[in-house]
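Text of data-v2.cif, listed as mmCIF, C-alpha atoms:
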data_structure
loop_
_atom_site.group_PDB
_atom_site.id
_atom_site.type_symbol
_atom_site.label_atom_id
_atom_site.label_comp_id
_atom_site.auth_asym_id
_atom_site.auth_seq_id
_atom_site.Cartn_x
_atom_site.Cartn_y
_atom_site.Cartn_z
ATOM 1 C CA MET A 231 84.305 98.149 100.479
ATOM 2 C CA LEU A 232 84.784 94.491 99.576
ATOM 3 C CA ILE A 233 86.951 92.946 102.302
ATOM 4 C CA GLY A 234 88.292 89.453 102.751
ATOM 5 C CA ALA A 235 91.330 87.242 102.992
ATOM 6 C CA HIS A 236 93.877 85.235 101.078
ATOM 7 C CA VAL A 237 92.527 81.665 101.069
ATOM 8 C CA SER A 238 93.598 78.319 99.683
ATOM 9 C CA PRO A 239 92.028 76.717 96.581
ATOM 10 C CA ALA A 240 93.279 73.267 97.677
ATOM 11 C CA GLY A 241 90.793 70.597 96.705
ATOM 12 C CA GLY A 242 89.425 72.588 93.777
ATOM 13 C CA LEU A 243 88.675 76.210 92.893
ATOM 14 C CA PRO A 244 85.169 76.232 94.486
ATOM 15 C CA LYS A 245 86.795 75.367 97.830
ATOM 16 C CA ALA A 246 88.305 78.863 97.851
ATOM 17 C CA ILE A 247 84.810 80.363 97.777
ATOM 18 C CA ALA A 248 83.719 78.108 100.644
ATOM 19 C CA ARG A 249 86.751 79.144 102.707
ATOM 20 C CA GLY A 250 85.977 82.782 101.988
ATOM 21 C CA GLU A 251 82.380 82.299 103.155
ATOM 22 C CA GLU A 252 83.611 80.641 106.360
ATOM 23 C CA ARG A 253 85.590 83.796 107.109
ATOM 24 C CA GLY A 254 82.767 86.201 106.262
ATOM 25 C CA CYS A 255 84.546 87.536 103.183
ATOM 26 C CA THR A 256 83.133 89.641 100.384
ATOM 27 C CA ALA A 257 86.474 89.417 98.532
ATOM 28 C CA ILE A 258 89.128 86.690 98.378
ATOM 29 C CA GLN A 259 92.610 86.183 96.988
ATOM 30 C CA ILE A 260 94.157 82.911 95.848
ATOM 31 C CA PHE A 261 97.299 81.474 94.324
ATOM 32 C CA ASN A 262 96.368 79.820 91.032
ATOM 33 C CA GLN A 263 99.282 77.392 91.306
ATOM 34 C CA SER A 264 101.460 75.909 93.997
ATOM 35 C CA PRO A 265 103.656 78.692 95.461
ATOM 36 C CA ARG A 266 106.528 76.201 95.639
ATOM 37 C CA GLN A 267 106.464 74.978 92.035
ATOM 38 C CA TRP A 268 106.868 76.523 88.597
ATOM 39 C CA LYS A 269 104.331 74.242 86.948
ATOM 40 C CA PRO A 270 100.976 76.050 86.535
ATOM 41 C CA THR A 271 97.779 74.289 87.575
ATOM 42 C CA ALA A 272 95.718 73.372 84.504
ATOM 43 C CA TYR A 273 92.082 74.107 85.340
ATOM 44 C CA ARG A 274 89.436 72.441 83.196
ATOM 45 C CA ASP A 275 86.347 74.198 81.860
ATOM 46 C CA ASP A 276 84.318 72.314 84.478
ATOM 47 C CA ASP A 277 86.533 73.715 87.262
ATOM 48 C CA VAL A 278 86.041 77.255 86.011
ATOM 49 C CA ALA A 279 82.284 76.816 85.635
ATOM 50 C CA ALA A 280 82.010 75.379 89.153
ATOM 51 C CA PHE A 281 83.994 78.302 90.565
ATOM 52 C CA ARG A 282 81.806 80.879 88.826
ATOM 53 C CA GLU A 283 78.653 79.099 89.995
ATOM 54 C CA ALA A 284 79.889 78.940 93.611
ATOM 55 C CA MET A 285 80.873 82.601 93.550
ATOM 56 C CA ALA A 286 77.518 83.688 92.108
ATOM 57 C CA ALA A 287 75.719 81.924 94.965
ATOM 58 C CA SER A 288 77.977 83.401 97.671
ATOM 59 C CA PRO A 289 78.584 86.791 99.324
ATOM 60 C CA VAL A 290 82.015 86.876 97.638
ATOM 61 C CA GLU A 291 81.890 89.591 94.984
ATOM 62 C CA ALA A 292 85.540 89.887 93.976
ATOM 63 C CA VAL A 293 88.491 87.544 93.552
ATOM 64 C CA LEU A 294 92.150 88.426 93.105
ATOM 65 C CA ILE A 295 94.868 86.035 91.968
ATOM 66 C CA HIS A 296 98.300 86.557 93.508
ATOM 67 C CA ALA A 297 101.153 85.497 91.254
ATOM 68 C CA VAL A 298 103.463 83.146 93.145
ATOM 69 C CA TYR A 299 106.613 84.500 94.781
ATOM 70 C CA LEU A 300 108.945 82.424 92.593
ATOM 71 C CA LEU A 301 108.408 84.918 89.773
ATOM 72 C CA ASN A 302 111.018 87.566 89.032
ATOM 73 C CA CYS A 303 110.232 89.631 85.957
ATOM 74 C CA ALA A 304 113.540 91.480 86.376
ATOM 75 C CA SER A 305 115.874 88.487 86.669
ATOM 76 C CA GLU A 306 119.147 88.566 84.757
ATOM 77 C CA ASP A 307 118.715 84.814 84.233
ATOM 78 C CA ARG A 308 116.889 84.300 80.941
ATOM 79 C CA ASP A 309 115.585 80.913 82.053
ATOM 80 C CA ILE A 310 114.002 82.454 85.174
ATOM 81 C CA ARG A 311 112.447 85.219 83.067
ATOM 82 C CA ALA A 312 111.051 82.657 80.623
ATOM 83 C CA LYS A 313 109.498 80.655 83.472
ATOM 84 C CA THR A 314 108.177 83.878 84.981
ATOM 85 C CA LEU A 315 106.578 84.900 81.696
ATOM 86 C CA ALA A 316 104.899 81.497 81.276
ATOM 87 C CA SER A 317 103.545 81.505 84.836
ATOM 88 C CA LEU A 318 102.354 85.127 84.723
ATOM 89 C CA THR A 319 100.654 84.638 81.366
ATOM 90 C CA HIS A 320 98.892 81.554 82.730
ATOM 91 C CA SER A 321 97.740 83.521 85.801
ATOM 92 C CA LEU A 322 96.283 86.254 83.604
ATOM 93 C CA ARG A 323 94.489 83.711 81.427
ATOM 94 C CA THR A 324 93.105 81.973 84.514
ATOM 95 C CA GLY A 325 92.041 85.342 85.896
ATOM 96 C CA HIS A 326 90.182 86.092 82.671
ATOM 97 C CA ALA A 327 88.465 82.692 82.786
ATOM 98 C CA ILE A 328 87.225 82.989 86.385
ATOM 99 C CA GLY A 329 86.365 86.699 86.198
ATOM 100 C CA ALA A 330 89.091 87.908 88.568
ATOM 101 C CA ALA A 331 89.379 91.596 89.367
ATOM 102 C CA GLY A 332 93.086 91.291 88.688
ATOM 103 C CA VAL A 333 96.342 89.395 89.085
ATOM 104 C CA VAL A 334 98.563 90.898 91.781
ATOM 105 C CA LEU A 335 102.292 90.778 91.011
ATOM 106 C CA HIS A 336 105.468 91.688 92.872
ATOM 107 C CA PRO A 337 107.279 93.419 89.973
ATOM 108 C CA GLY A 338 110.595 91.702 90.601
ATOM 109 C CA SER A 339 114.039 92.278 92.035
ATOM 110 C CA ALA A 340 117.280 93.656 90.687
ATOM 111 C CA LYS A 341 119.089 91.574 93.321
ATOM 112 C CA THR A 342 122.495 93.302 93.387
ATOM 113 C CA GLY A 343 122.416 94.462 89.766
ATOM 114 C CA ASP A 344 121.608 97.798 88.130
ATOM 115 C CA ALA A 345 118.060 98.917 89.057
ATOM 116 C CA GLY A 346 117.470 100.760 85.776
ATOM 117 C CA ARG A 347 118.262 97.703 83.684
ATOM 118 C CA ALA A 348 116.189 95.535 86.025
ATOM 119 C CA ILE A 349 113.175 97.817 85.534
ATOM 120 C CA SER A 350 113.616 97.549 81.752
ATOM 121 C CA ARG A 351 113.705 93.737 81.936
ATOM 122 C CA ALA A 352 110.668 93.670 84.230
ATOM 123 C CA SER A 353 108.680 96.018 82.001
ATOM 124 C CA GLU A 354 109.491 93.908 78.934
ATOM 125 C CA THR A 355 108.348 90.703 80.692
ATOM 126 C CA ILE A 356 105.132 92.331 81.929
ATOM 127 C CA ALA A 357 104.347 93.704 78.469
ATOM 128 C CA ALA A 358 104.847 90.254 76.920
ATOM 129 C CA ALA A 359 102.501 88.614 79.457
ATOM 130 C CA LEU A 360 99.798 91.199 78.752
ATOM 131 C CA SER A 361 100.250 90.711 75.006
ATOM 132 C CA ASP A 362 99.869 86.931 75.343
ATOM 133 C CA SER A 363 96.678 87.172 77.422
ATOM 134 C CA GLU A 364 93.460 89.117 77.359
ATOM 135 C CA GLY A 365 90.897 90.755 79.616
ATOM 136 C CA CYS A 366 92.306 90.336 83.104
ATOM 137 C CA GLU A 367 94.009 93.293 84.764
ATOM 138 C CA LEU A 368 97.528 93.141 86.193
ATOM 139 C CA HIS A 369 98.080 94.969 89.498
ATOM 140 C CA LEU A 370 101.703 95.741 90.382
ATOM 141 C CA GLU A 371 102.124 95.596 94.160
ATOM 142 C CA ASN A 372 104.185 98.187 95.974
ATOM 143 C CA THR A 373 107.074 96.688 97.916
ATOM 144 C CA ALA A 374 108.755 97.346 101.258
ATOM 145 C CA GLY A 375 112.036 98.150 99.516
ATOM 146 C CA THR A 376 114.060 95.260 100.859
ATOM 147 C CA GLY A 377 117.283 94.716 98.917
ATOM 148 C CA GLY A 378 116.826 95.198 95.189
ATOM 149 C CA THR A 379 113.046 94.802 95.058
ATOM 150 C CA LEU A 380 111.303 97.001 92.508
ATOM 151 C CA GLY A 381 108.179 99.055 93.162
ATOM 152 C CA ARG A 382 109.120 100.662 96.487
ATOM 153 C CA SER A 383 107.756 104.082 95.443
ATOM 154 C CA PHE A 384 104.995 105.515 93.286
ATOM 155 C CA GLU A 385 107.671 106.871 90.966
ATOM 156 C CA GLU A 386 109.205 103.421 90.441
ATOM 157 C CA LEU A 387 105.776 101.863 89.861
ATOM 158 C CA ALA A 388 104.994 104.587 87.306
ATOM 159 C CA VAL A 389 108.208 103.843 85.394
ATOM 160 C CA LEU A 390 107.343 100.125 85.358
ATOM 161 C CA ILE A 391 103.827 100.837 84.086
ATOM 162 C CA ASP A 392 105.030 103.213 81.393
ATOM 163 C CA GLY A 393 107.746 100.753 80.336
ATOM 164 C CA ALA A 394 105.143 97.990 79.996
ATOM 165 C CA GLY A 395 103.032 100.109 77.661
ATOM 166 C CA GLY A 396 100.852 102.043 80.101
ATOM 167 C CA GLY A 397 97.691 100.231 78.980
ATOM 168 C CA GLU A 398 94.370 100.222 80.814
ATOM 169 C CA ARG A 399 94.910 96.668 82.080
ATOM 170 C CA LEU A 400 97.817 97.860 84.220
ATOM 171 C CA GLY A 401 97.063 98.966 87.760
ATOM 172 C CA VAL A 402 98.544 99.058 91.252
ATOM 173 C CA CYS A 403 97.806 97.091 94.432
ATOM 174 C CA LEU A 404 98.638 99.058 97.585
ATOM 175 C CA ASP A 405 99.830 97.048 100.578
ATOM 176 C CA SER A 406 99.566 98.965 103.865
ATOM 177 C CA CYS A 407 102.484 97.141 105.533
ATOM 178 C CA HIS A 408 104.747 97.702 102.536
ATOM 179 C CA MET A 409 103.761 101.369 102.354
ATOM 180 C CA LEU A 410 104.778 102.042 105.941
ATOM 181 C CA ALA A 411 107.980 100.019 105.611
ATOM 182 C CA SER A 412 109.007 101.867 102.432
ATOM 183 C CA GLY A 413 108.578 105.255 104.150
ATOM 184 C CA TYR A 414 105.011 106.369 103.460
ATOM 185 C CA ASP A 415 103.428 107.543 106.726
ATOM 186 C CA ILE A 416 99.777 106.478 106.459
ATOM 187 C CA ARG A 417 98.937 106.316 110.162
ATOM 188 C CA THR A 418 96.398 109.159 110.258
ATOM 189 C CA PRO A 419 93.536 110.099 107.898
ATOM 190 C CA ALA A 420 95.273 113.334 106.875
ATOM 191 C CA LYS A 421 98.567 111.604 106.105
ATOM 192 C CA MET A 422 96.847 108.782 104.231
ATOM 193 C CA ALA A 423 94.862 111.301 102.175
ATOM 194 C CA ALA A 424 98.091 113.067 101.235
ATOM 195 C CA VAL A 425 99.650 109.763 100.158
ATOM 196 C CA VAL A 426 96.631 108.913 97.988
ATOM 197 C CA ARG A 427 96.835 112.341 96.343
ATOM 198 C CA GLU A 428 100.526 111.733 95.652
ATOM 199 C CA GLY A 429 99.719 108.321 94.177
ATOM 200 C CA ASN A 430 97.069 109.776 91.874
ATOM 201 C CA ARG A 431 99.458 112.527 90.764
ATOM 202 C CA VAL A 432 102.375 110.205 90.004
ATOM 203 C CA LEU A 433 100.515 107.152 88.699
ATOM 204 C CA GLY A 434 97.483 108.843 87.202
ATOM 205 C CA ARG A 435 93.997 108.826 88.665
ATOM 206 C CA GLY A 436 92.392 105.391 88.592
ATOM 207 C CA ARG A 437 95.624 103.345 88.587
ATOM 208 C CA ILE A 438 95.123 102.129 92.174
ATOM 209 C CA ARG A 439 92.870 99.091 91.689
ATOM 210 C CA SER A 440 93.185 96.821 94.762
ATOM 211 C CA LEU A 441 94.399 96.796 98.364
ATOM 212 C CA HIS A 442 96.194 94.537 100.829
ATOM 213 C CA LEU A 443 95.495 95.318 104.475
ATOM 214 C CA ASN A 444 98.339 94.181 106.719
ATOM 215 C CA ASP A 445 99.709 95.720 109.890
ATOM 216 C CA SER A 446 103.502 95.995 110.128
ATOM 217 C CA GLN A 447 105.856 94.446 112.655
ATOM 218 C CA THR A 448 108.543 96.970 111.685
ATOM 219 C CA PRO A 449 108.495 100.788 111.871
ATOM 220 C CA LEU A 450 108.203 103.537 109.287
ATOM 221 C CA GLY A 451 111.018 103.383 106.732
ATOM 222 C CA SER A 452 112.409 100.057 107.951
ATOM 223 C CA ASN A 453 112.351 98.554 104.414
ATOM 224 C CA ARG A 454 111.439 95.225 106.022
ATOM 225 C CA ASP A 455 108.398 93.220 104.909
ATOM 226 C CA ARG A 456 106.993 91.750 108.131
ATOM 227 C CA HIS A 457 103.207 91.444 108.290
ATOM 228 C CA ALA A 458 101.390 91.738 111.616
ATOM 229 C CA ASN A 459 97.780 91.059 112.535
ATOM 230 C CA ILE A 460 95.386 93.986 112.255
ATOM 231 C CA GLY A 461 95.881 96.452 115.110
ATOM 232 C CA GLU A 462 98.875 94.600 116.548
ATOM 233 C CA GLY A 463 101.692 96.379 114.727
ATOM 234 C CA GLU A 464 103.109 99.802 113.966
ATOM 235 C CA LEU A 465 99.945 100.925 112.164
ATOM 236 C CA GLY A 466 97.601 99.966 114.990
ATOM 237 C CA ARG A 467 93.846 100.048 114.580
ATOM 238 C CA ALA A 468 93.897 103.783 113.903
ATOM 239 C CA GLY A 469 96.362 103.412 111.036
ATOM 240 C CA CYS A 470 94.463 100.472 109.552
ATOM 241 C CA ARG A 471 91.268 102.496 109.733
ATOM 242 C CA ALA A 472 92.941 105.456 108.003
ATOM 243 C CA PHE A 473 94.016 103.119 105.187
ATOM 244 C CA LEU A 474 90.561 101.556 104.806
ATOM 245 C CA THR A 475 88.587 104.791 104.845
ATOM 246 C CA ALA A 476 90.776 106.888 102.540
ATOM 247 C CA ARG A 477 88.717 108.775 100.001
ATOM 248 C CA GLY A 478 88.778 107.150 96.580
ATOM 249 C CA LEU A 479 89.750 103.678 97.813
ATOM 250 C CA GLN A 480 86.491 102.488 99.410
ATOM 251 C CA ARG A 481 85.186 100.724 96.293
ATOM 252 C CA LEU A 482 88.307 98.615 95.777
ATOM 253 C CA PRO A 483 88.674 94.930 96.741
ATOM 254 C CA CYS A 484 90.803 94.621 99.876
ATOM 255 C CA VAL A 485 92.268 91.380 101.221
ATOM 256 C CA LEU A 486 94.137 90.530 104.413
ATOM 257 C CA GLU A 487 97.392 88.558 104.253
ATOM 258 C CA THR A 488 98.044 88.592 107.992
ATOM 259 C CA PRO A 489 99.668 85.673 109.842
ATOM 260 C CA GLY A 490 96.629 85.147 112.092
ATOM 261 C CA GLU A 491 96.705 83.101 115.260
ATOM 262 C CA ASN A 492 99.152 80.194 115.099
ATOM 263 C CA ARG A 493 100.103 81.410 111.618
ATOM 264 C CA GLU A 494 96.885 80.010 110.139
ATOM 265 C CA GLY A 495 96.059 83.169 108.208
ATOM 266 C CA PRO A 496 93.263 85.696 108.639
ATOM 267 C CA SER A 497 90.337 84.482 110.753
ATOM 268 C CA ARG A 498 86.652 85.330 110.530
ATOM 269 C CA GLU A 499 87.109 87.589 113.566
ATOM 270 C CA GLU A 500 89.964 89.512 111.940
ATOM 271 C CA VAL A 501 88.038 89.960 108.691
ATOM 272 C CA GLY A 502 85.122 91.215 110.797
ATOM 273 C CA LEU A 503 87.414 93.685 112.578
ATOM 274 C CA ALA A 504 88.617 95.041 109.223
ATOM 275 C CA MET A 505 85.012 95.458 108.080
ATOM 276 C CA LYS A 506 84.204 97.347 111.272
ATOM 277 C CA LEU A 507 87.205 99.650 110.856
ATOM 278 C CA ALA A 508 86.170 100.342 107.248
ATOM 279 C CA GLN A 509 82.788 101.753 108.268
ATOM 280 C CA PRO A 510 82.867 105.546 107.717
ATOM 281 C CA GLY A 511 80.619 106.220 110.711
ATOM 282 C CA ALA A 512 82.501 104.006 113.130
ATOM 283 C CA ARG A 513 84.099 105.643 116.153
ATOM 284 C CA ARG A 514 87.735 106.297 115.463
ATOM 285 C CA PRO A 515 90.064 104.341 117.712
ATOM 286 C CA ALA A 516 92.546 106.307 119.774
ATOM 287 C CA LEU A 517 95.829 106.829 117.981
ATOM 288 C CA ARG A 518 98.335 104.474 119.549
ATOM 289 C CA LYS A 519 101.673 105.958 120.504
ATOM 290 C CA PRO A 520 104.410 104.742 118.140
ATOM 291 C CA ALA A 521 106.595 102.005 119.545
ATOM 292 C CA ARG A 522 109.764 103.774 118.443
ATOM 293 C CA ARG A 523 110.803 107.379 117.951
ATOM 294 C CA GLY A 524 112.812 108.985 115.212
ATOM 295 C CA ALA A 525 111.468 106.921 112.314
ATOM 296 C CA PRO A 526 113.502 107.557 109.174
ATOM 297 C CA LYS A 527 112.035 109.476 106.285
ATOM 298 C CA ARG A 528 111.436 107.873 102.922
ATOM 299 C CA GLY A 529 114.429 108.306 100.678
#

Please, can you express the file's structure as structure tokens?
Amino acid sequence: MLIGAHVSPAGGLPKAIARGEERGCTAIQIFNQSPRQWKPTAYRDDDVAAFREAMAASPVEAVLIHAVYLLNCASEDRDIRAKTLASLTHSLRTGHAIGAAGVVLHPGSAKTGDAGRAISRASETIAAALSDSEGCELHLENTAGTGGTLGRSFEELAVLIDGAGGGERLGVCLDSCHMLASGYDIRTPAKMAAVVREGNRVLGRGRIRSLHLNDSQTPLGSNRDRHANIGEGELGRAGCRAFLTARGLQRLPCVLETPGENREGPSREEVGLAMKLAQPGARRPALRKPARRGAPKRG
């Protein structure tokens, strides 16, 4: 499995590769523009060539682009949707240029509006971005289910994919923290295997294309997106290991988005821990007792 971390491209795209190497990564994830601004970063051909050259000379074998959190494909505000479309299209074009495995996208939020109409708007925006770009895959990330966020279940992700045309460039990124928070119990190998089978049945085999490994500060079914460092949350090391070693997922790029010490992001040590947990022959850690009882079921 290719494992790594979300890193910054500040100072130029090749810097992201260097930061990945410093952390012992074989995969990295970046924002391709400032997460606080709508204006996309315009990379020159020289920037792209330097990135590809740095990646070819490094242990990093896969890169994901995460679309910035400002985007809302489902917004009722036409201006927000237009800005979202422009930014997402630019991310996909950048991903194609640098050879990214995919662009990861939070599908959007209905806010307090009708979820069905929000899904239709999101699907239309996603389809337009795919039509205006080429090559790079788009991975819709499952969500914790907070408020009106879309993509909290395999069924909702399937509707979004079908509404956007169901093409081969559309895939799913599974986030372990979001899965637990939205009600999927993935804390043991057997339970994780059952969830993967459900995902393949609902989405279609091969739709799961990338992974985010994050422990969860909040319990099963909390619908709260609160990342914890690996082994320090409700999943524990055993749950993180079950996620990493699930059959059919081992070949996918997997990145950590954990807060790290002092909120500085994933460290080399944490990436190394994830790599150790991903080894099929590694001794399974003892299953930690859940912090709370009576976790709600997914509904």

Need the shell around Cys407 (chain A): protein/DNA/RNA residues with any atom at most 7 Å away, counting only C-alpha atoms. Skip same-chain ones fewer than 5 positions apart. Format as a list in words? Asn444, Asp445, Ser446 and His457 of chain A

From the options A:Ser238, A:Arg282, A:Ile233, A:Asp307, which residue's atoms come nearest to Gln480 (chain A), counting only C-alpha atoms?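 Ranking A:Ser238, A:Arg282, A:Ile233, A:Asp307 by distance to Gln480 (chain A), first place goes to A:Ile233.
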
Select, from A:Arg498, A:Arg417, A:His369, A:Arg481, the residue with the minimum atom-to-atom distance to Ile295 (chain A), counting all atoms listed in the file.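 Looking at the shortest contact to Ile295 (chain A), the residue is A:His369.
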
For Ser363 (chain A), which residue out of A:Leu387, A:Thr342, A:Gly234, A:Ser321 is the nearest one, using all atoms listed in the file?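 That would be A:Ser321, the residue with the smallest distance to Ser363 (chain A).
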
Two-atom distance - CA of Ala330 (chain A), CA of Ala257 (chain A) (Å):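 So the two atoms, CA of Ala330 (chain A) and CA of Ala257 (chain A), lie 10.4 Å apart.
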
Can you tell me which residues surround Cys470 (chain A) at a distance of at most 12 Å, considering only C-alpha atoms, apart from same-chain residues fewer than 3 positions away, and format the answer as a short mmCIF file (atom, residue, chain, number, x, y, z; two decimals) with C-alpha atoms, in the coordinates of the input?
data_model
loop_
_atom_site.label_atom_id
_atom_site.label_comp_id
_atom_site.auth_asym_id
_atom_site.auth_seq_id
_atom_site.Cartn_x
_atom_site.Cartn_y
_atom_site.Cartn_z
CA ASP A 405 99.83 97.05 100.58
CA SER A 406 99.57 98.96 103.86
CA CYS A 407 102.48 97.14 105.53
CA MET A 409 103.76 101.37 102.35
CA LEU A 410 104.78 102.04 105.94
CA ASP A 415 103.43 107.54 106.73
CA ILE A 416 99.78 106.48 106.46
CA ARG A 417 98.94 106.32 110.16
CA THR A 418 96.40 109.16 110.26
CA PRO A 419 93.54 110.10 107.90
CA MET A 422 96.85 108.78 104.23
CA LEU A 441 94.40 96.80 98.36
CA HIS A 442 96.19 94.54 100.83
CA LEU A 443 95.50 95.32 104.48
CA ASN A 444 98.34 94.18 106.72
CA ASP A 445 99.71 95.72 109.89
CA SER A 446 103.50 96.00 110.13
CA ALA A 458 101.39 91.74 111.62
CA ASN A 459 97.78 91.06 112.54
CA ILE A 460 95.39 93.99 112.26
CA GLY A 461 95.88 96.45 115.11
CA GLU A 462 98.88 94.60 116.55
CA GLY A 463 101.69 96.38 114.73
CA GLU A 464 103.11 99.80 113.97
CA LEU A 465 99.94 100.92 112.16
CA GLY A 466 97.60 99.97 114.99
CA ARG A 467 93.85 100.05 114.58
CA PHE A 473 94.02 103.12 105.19
CA LEU A 474 90.56 101.56 104.81
CA THR A 475 88.59 104.79 104.84
CA ALA A 476 90.78 106.89 102.54
CA CYS A 484 90.80 94.62 99.88
CA LEU A 486 94.14 90.53 104.41
CA LEU A 503 87.41 93.68 112.58
CA ALA A 504 88.62 95.04 109.22
CA MET A 505 85.01 95.46 108.08
CA LYS A 506 84.20 97.35 111.27
CA LEU A 507 87.20 99.65 110.86
CA ALA A 508 86.17 100.34 107.25
CA GLN A 509 82.79 101.75 108.27
CA ARG A 514 87.74 106.30 115.46
CA PRO A 515 90.06 104.34 117.71
CA ALA A 516 92.55 106.31 119.77
CA LEU A 517 95.83 106.83 117.98
CA ARG A 518 98.34 104.47 119.55
#

Could you jot down the CA of Ala340 (chain A) to CA of Leu450 (chain A) separation for me, Å, one decimal place? 22.9 Å

Between A:Ala327, A:Arg427, A:Ala297, A:His320, which one has atoms that come closest to Ala280 (chain A), using all atoms listed in the file?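 Using all atoms listed in the file, Ala280 (chain A) sits closest to A:Ala327.
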
Residue by residue, what does the PyMOL selection byres ((chain A and resi 344) around 12) grab here? Present the result as a count of residues only. 18

Separation of CA of Met231 (chain A) and CA of Leu479 (chain A), in Å?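 A separation of 8.2 Å between them.
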
To test your reading of the syntax: which residues would the PyMOL selection byres ((chain A and resi 271) around 12) return for the file shown? Reply as a list in words. Pro239, Ala240, Gly242, Leu243, Phe261, Asn262, Gln263, Ser264, Pro265, Gln267, Trp268, Lys269, Pro270, Ala272, Tyr273, Arg274, Asp277, Val298, Ala316, Ser317, His320, Ser321, Arg323 and Thr324 of chain A

Could you please take those selected residues and save C-alpha atoms as a tab-separated table (two decimals), in the coordinates of the input?
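Saved to out.tsv:
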chain	number	residue	atom	x	y	z
A	239	PRO	CA	92.03	76.72	96.58
A	240	ALA	CA	93.28	73.27	97.68
A	242	GLY	CA	89.42	72.59	93.78
A	243	LEU	CA	88.68	76.21	92.89
A	261	PHE	CA	97.30	81.47	94.32
A	262	ASN	CA	96.37	79.82	91.03
A	263	GLN	CA	99.28	77.39	91.31
A	264	SER	CA	101.46	75.91	94.00
A	265	PRO	CA	103.66	78.69	95.46
A	267	GLN	CA	106.46	74.98	92.04
A	268	TRP	CA	106.87	76.52	88.60
A	269	LYS	CA	104.33	74.24	86.95
A	270	PRO	CA	100.98	76.05	86.54
A	272	ALA	CA	95.72	73.37	84.50
A	273	TYR	CA	92.08	74.11	85.34
A	274	ARG	CA	89.44	72.44	83.20
A	277	ASP	CA	86.53	73.72	87.26
A	298	VAL	CA	103.46	83.15	93.14
A	316	ALA	CA	104.90	81.50	81.28
A	317	SER	CA	103.54	81.50	84.84
A	320	HIS	CA	98.89	81.55	82.73
A	321	SER	CA	97.74	83.52	85.80
A	323	ARG	CA	94.49	83.71	81.43
A	324	THR	CA	93.10	81.97	84.51

Closest of A:Ile258, A:Val425, A:Val389, A:Leu335 to Leu368 (chain A) - atom-to-atom distances counting only C-alpha atoms: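 When distances to Leu368 (chain A) are compared using only C-alpha atoms, the smallest one comes from A:Leu335.
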
Using only C-alpha atoms, can you tell me which of A:Val293, A:Ile391, A:Ala468, A:Leu482 comes closest to His326 (chain A)?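 Of all the options, A:Val293 lies closest to His326 (chain A).
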
Since I can't run it myself right now, could you work out what the PyMOL selection byres ((chain A and resi 402) around 10) selects here and report it as a VMD selection string? chain A and resid 332 334 to 335 367 to 372 381 384 387 to 388 391 400 to 401 403 to 405 429 433 436 to 441

Would you mind listing what lies within 9 Å of Ala248 (chain A) as a list in words, with only C-alpha atoms counted and same-chain residues fewer than 3 positions away left out?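 Returned residues: Pro244, Lys245, Glu251, Glu252, Arg253, Ala284, Met285 and Ser288 of chain A.
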